[in-house]
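First comes the structure, then the notes that go with it.
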Amino acid sequence: MEKEQPLLQSITLQDLKLSNRIVMAPMTRSRANNKDNAPTDIHAEYYQQRASAGLIITEGAQVSPRAVGYIYTPGIYAEAQVTGWKKVTEAVHQENGHIFIQLWHVGRISHPDFHKGELPLAPSAIKPEGVQVYTPDGFKDAITPKEMTKEDIYQTIEDFKNAAIKAKKAGFDGIEIHSSNGYLFHQFFVNSSNQRTDEYGGNDENKTRFFFEVLDAVKEVFPENRIGVRLNPSMHNIQGIIADEETIPTFEYIVKKLNNYNLSYLHLSEPFSDISDVDFLVTHIAQHFRPFYEGSLMINGGFDQETGNKIIEEGYADMVAYGKLFISNPDLPQRFAFNAPLTQWNQDTFYTQNTKGYIDYPPFEGELNEV
Ligand SMILES: Cc1cc2nc3c(=O)[nH]c(=O)nc-3n(C[C@H](O)[C@H](O)[C@H](O)COP(=O)(O)O)c2cc1C
């Protein structure tokens, strides 16, 4: 037998032992009940089918009604949502899986239609260019948001803390802060969306202050070693994020400062688009950021079995999060273990509101040949 693939080796994240290094990346699937934004029984089945992942990170779950930006996404602030999520965590734990919930606030990637006509919140009143929002009435252009007052900021910190309390009640093993992909915290990190002149804008300490205040608030609920953080340092020209020369240094500042926290993991994304012509961004995120971070590093974005094994072998990451491959291959770790063929995902059912393309991807049924 050949030597074990790095992806299939177990790993201990502080006090949590994962049976492999294949993580299910957080993915919005738009199947929540639209009445109370609660997960339903098909959520439990969907996540249970994927419980052989070393760790599941749920789809983004909004921390308050103010945090929402998409129709049919689940929340984690109300009792009905806790009830729905509880079924999910129980189903995953029944299979000896582990599951963290991703805590999400979209900031300006929203629309007044979600907020009884009020404007979405953001660091500054700057409209994200070229962004469309998926509202109850279909896609609409994003609008100029409201600059958050200090009260808005303090309230949002409380909202994250409340969401963490609800997540604990629902039985999650931990939480991931969604500080990535152009949403609220990312909007604070980048100059083009943060023009504040108070202590929440300007230098690195200020641009990241709100994020660290949230981290300090949620760690009163979950211990630091059950908190993960997601960052996407080289995102550019997507979701209204326009990076500049200061962006990578700001992310370096964040990553170094995260060493002061005894986190479960840091979750980084490789660039989502071609940035080869943008000289101030970084094309190999894991390689670049690994030396800055002392804890466990999870990497995501476009990996397959071979490149996932390779990046762990090279020492640039400890775990690999897979997104689309997990949609269409619920038993992804087994497929990797047996070199089984992979099923291609169907993009048309990523965000549709039924079981099709959600819980009907079967596990591999052919003959398995262990590698
Ligand atoms: C359908 C879909 C929904 C997604 N929703 C989220 C989300 O809720 N939170 C998040 O952080 N990333 C989200 N992402 C990004 C994925 O976590 C991941 O970064 C991306 O798919 C790239 O990884 P992959 O190449 O393995 O698919 C989503 C991606 C897809 C395809």
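Starting from 1 in every chain, residues are counted up; chains themselves are A, B, ... following the order of the structure tokens, and ligands are numbered from 1 as listed.
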**Item:** Residues within 6 Å of range 245-254 of chain A, only C-alpha atoms, excluding chain neighbours under 2 positions, as a ChimeraX atom specification
**Value:** /A:204,243,256-257,280
Write the residues you've just listed into a file as a PDB file, in the first residue's frame, and include C-alpha atoms for each of them.
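What ended up in result11.pdb:
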ATOM      1  CA  ASP A 204      -4.506  49.131  10.291  1.00  0.00           C
ATOM      2  CA  ALA A 243      -8.046  46.382  -3.085  1.00  0.00           C
ATOM      3  CA  LYS A 256       0.002  38.483  12.990  1.00  0.00           C
ATOM      4  CA  LYS A 257      -2.378  39.847  15.601  1.00  0.00           C
ATOM      5  CA  PHE A 280       0.026  44.772  -5.143  1.00  0.00           C
TER       6      PHE A 280
END
Once you count only C-alpha atoms and all ligand atoms, what closest atom pair and distance in Å to one decimal does each residue of chain A within 6 Å of ligand 1 have, with rows by chain and rising residue number, as a tab-separated table?
residue	atom	partner	partner_atom_place_in_ligand_line	distance
A:Ala25	CA	ligand 1	17 (O)	4.5
A:Pro26	CA	ligand 1	17 (O)	4.4
A:Met27	CA	ligand 1	5 (N)	3.3
A:Thr28	CA	ligand 1	5 (N)	3.8
A:Arg29	CA	ligand 1	1 (C)	5.8
A:Glu59	CA	ligand 1	8 (O)	4.2
A:Gly60	CA	ligand 1	8 (O)	3.9
A:His178	CA	ligand 1	11 (O)	5.9
A:Asn300	CA	ligand 1	23 (O)	5.5
A:Gly301	CA	ligand 1	23 (O)	3.8
A:Gly302	CA	ligand 1	25 (O)	3.3
A:Phe303	CA	ligand 1	26 (O)	5.7
A:Tyr322	CA	ligand 1	26 (O)	3.8
A:Gly323	CA	ligand 1	27 (O)	3.5
A:Lys324	CA	ligand 1	27 (O)	3.9
A:Phe350	CA	ligand 1	1 (C)	4.9
**Message:** Could you check the closest approach to Phe114 in chain A for each of A:Gly54, A:Gly174, A:Pro74, A:Pro65 and tell me which residue wins, using only C-alpha atoms?
**Reply:**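 The answer is A:Pro65, which sits nearest to Phe114 in chain A.
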Against range 216-219 of chain A, which residues of range 249-343 of chain A fall within 12 Å? For each one I want the closest pair of atoms and the distance in Å (one decimal), counting only C-alpha atoms, rows by chain and increasing residue number, as JSON lines.
{"residue": "A:Leu258", "atom": "CA", "partner": "A:Asp216", "partner_atom": "CA", "distance": 11.3}
{"residue": "A:Asn260", "atom": "CA", "partner": "A:Asp216", "partner_atom": "CA", "distance": 11.3}
{"residue": "A:Tyr261", "atom": "CA", "partner": "A:Asp216", "partner_atom": "CA", "distance": 9.4}
{"residue": "A:Asn262", "atom": "CA", "partner": "A:Lys219", "partner_atom": "CA", "distance": 10.3}
{"residue": "A:Leu263", "atom": "CA", "partner": "A:Lys219", "partner_atom": "CA", "distance": 9.8}
{"residue": "A:Ser264", "atom": "CA", "partner": "A:Lys219", "partner_atom": "CA", "distance": 11.6}
**range 79-246 of chain A: residues DSSP assigns to helix (DSSP H, G or I), reported as number ranges by chain** = A: 79-94, 112-114, 150-169, 184-189, 204-207, 209-218, 224-226
**Prompt:** Skipping near chain neighbours, those fewer than 4 positions away, what residues fall within 6 Å of Leu268 in chain A using only C-alpha atoms, listed as a list in words?
**Reply:**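 After dropping sequence-adjacent residues, the list is Arg230, Leu231, Asn232 and Ile299 of chain A.
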Keeping C-alpha atoms, export the residues of the selection given above as an mmCIF file, in the first residue's frame.
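See part-v5.cif below for the written result:
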data_model
loop_
_atom_site.group_PDB
_atom_site.id
_atom_site.type_symbol
_atom_site.label_atom_id
_atom_site.label_comp_id
_atom_site.auth_asym_id
_atom_site.auth_seq_id
_atom_site.Cartn_x
_atom_site.Cartn_y
_atom_site.Cartn_z
ATOM 1 C CA ARG A 230 -12.025 33.399 7.561
ATOM 2 C CA LEU A 231 -10.126 35.930 5.423
ATOM 3 C CA ASN A 232 -9.783 36.473 1.688
ATOM 4 C CA ILE A 299 -6.682 26.915 2.844
#
**Prompt:** Quick one, how far is CA of Glu306 in chain A from CA of Gly357 in chain A?
**Reply:**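 We find that CA of Glu306 in chain A and CA of Gly357 in chain A lie 25.6 Å from each other.
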**Message:** Can you tell me, as a list of chain:residue names, which residues in range 81-195 of chain A count as strand (DSSP E or B) by DSSP?
**Reply:**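 Here is the list: A:Ile99, A:Phe100, A:Ile101, A:Gln102, A:Leu103, A:Trp104, A:Leu121, A:Ala122, A:Gln132, A:Val133, A:Tyr134, A:Thr135, A:Gly138, A:Phe139, A:Lys140, A:Asp141, A:Lys146, A:Glu147, A:Gly174, A:Ile175, A:Glu176, A:Ile177, A:His178.
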Non-local contacts of Gly228 in chain A (7 Å; only C-alpha atoms; under 5 positions in same chain excluded) as a compact mmCIF listing (two decimals) with N, CA and C atoms, in the first residue's frame:
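File written: selection_22.txt
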# COMPACT_ATOMS: atom_id res chain seq x y z
N ILE A 175 -17.52 28.18 16.16
CA ILE A 175 -18.03 29.19 15.24
C ILE A 175 -16.90 29.66 14.33
N GLU A 176 -17.28 30.09 13.14
CA GLU A 176 -16.32 30.75 12.24
C GLU A 176 -16.82 32.16 11.99
N ILE A 177 -15.95 33.14 12.19
CA ILE A 177 -16.32 34.53 11.88
C ILE A 177 -16.10 34.74 10.39
N LEU A 263 -6.67 30.49 18.57
CA LEU A 263 -7.82 30.10 17.75
C LEU A 263 -7.80 28.63 17.36
N SER A 264 -8.97 28.14 16.98
CA SER A 264 -9.06 26.79 16.44
C SER A 264 -8.30 26.74 15.11
N TYR A 265 -8.53 27.71 14.25
CA TYR A 265 -7.84 27.74 12.96
C TYR A 265 -8.00 29.11 12.31
N LEU A 266 -7.12 29.37 11.36
CA LEU A 266 -7.27 30.51 10.45
C LEU A 266 -7.59 29.94 9.07
N HIS A 267 -8.64 30.45 8.46
CA HIS A 267 -9.13 29.93 7.18
C HIS A 267 -8.88 30.99 6.11
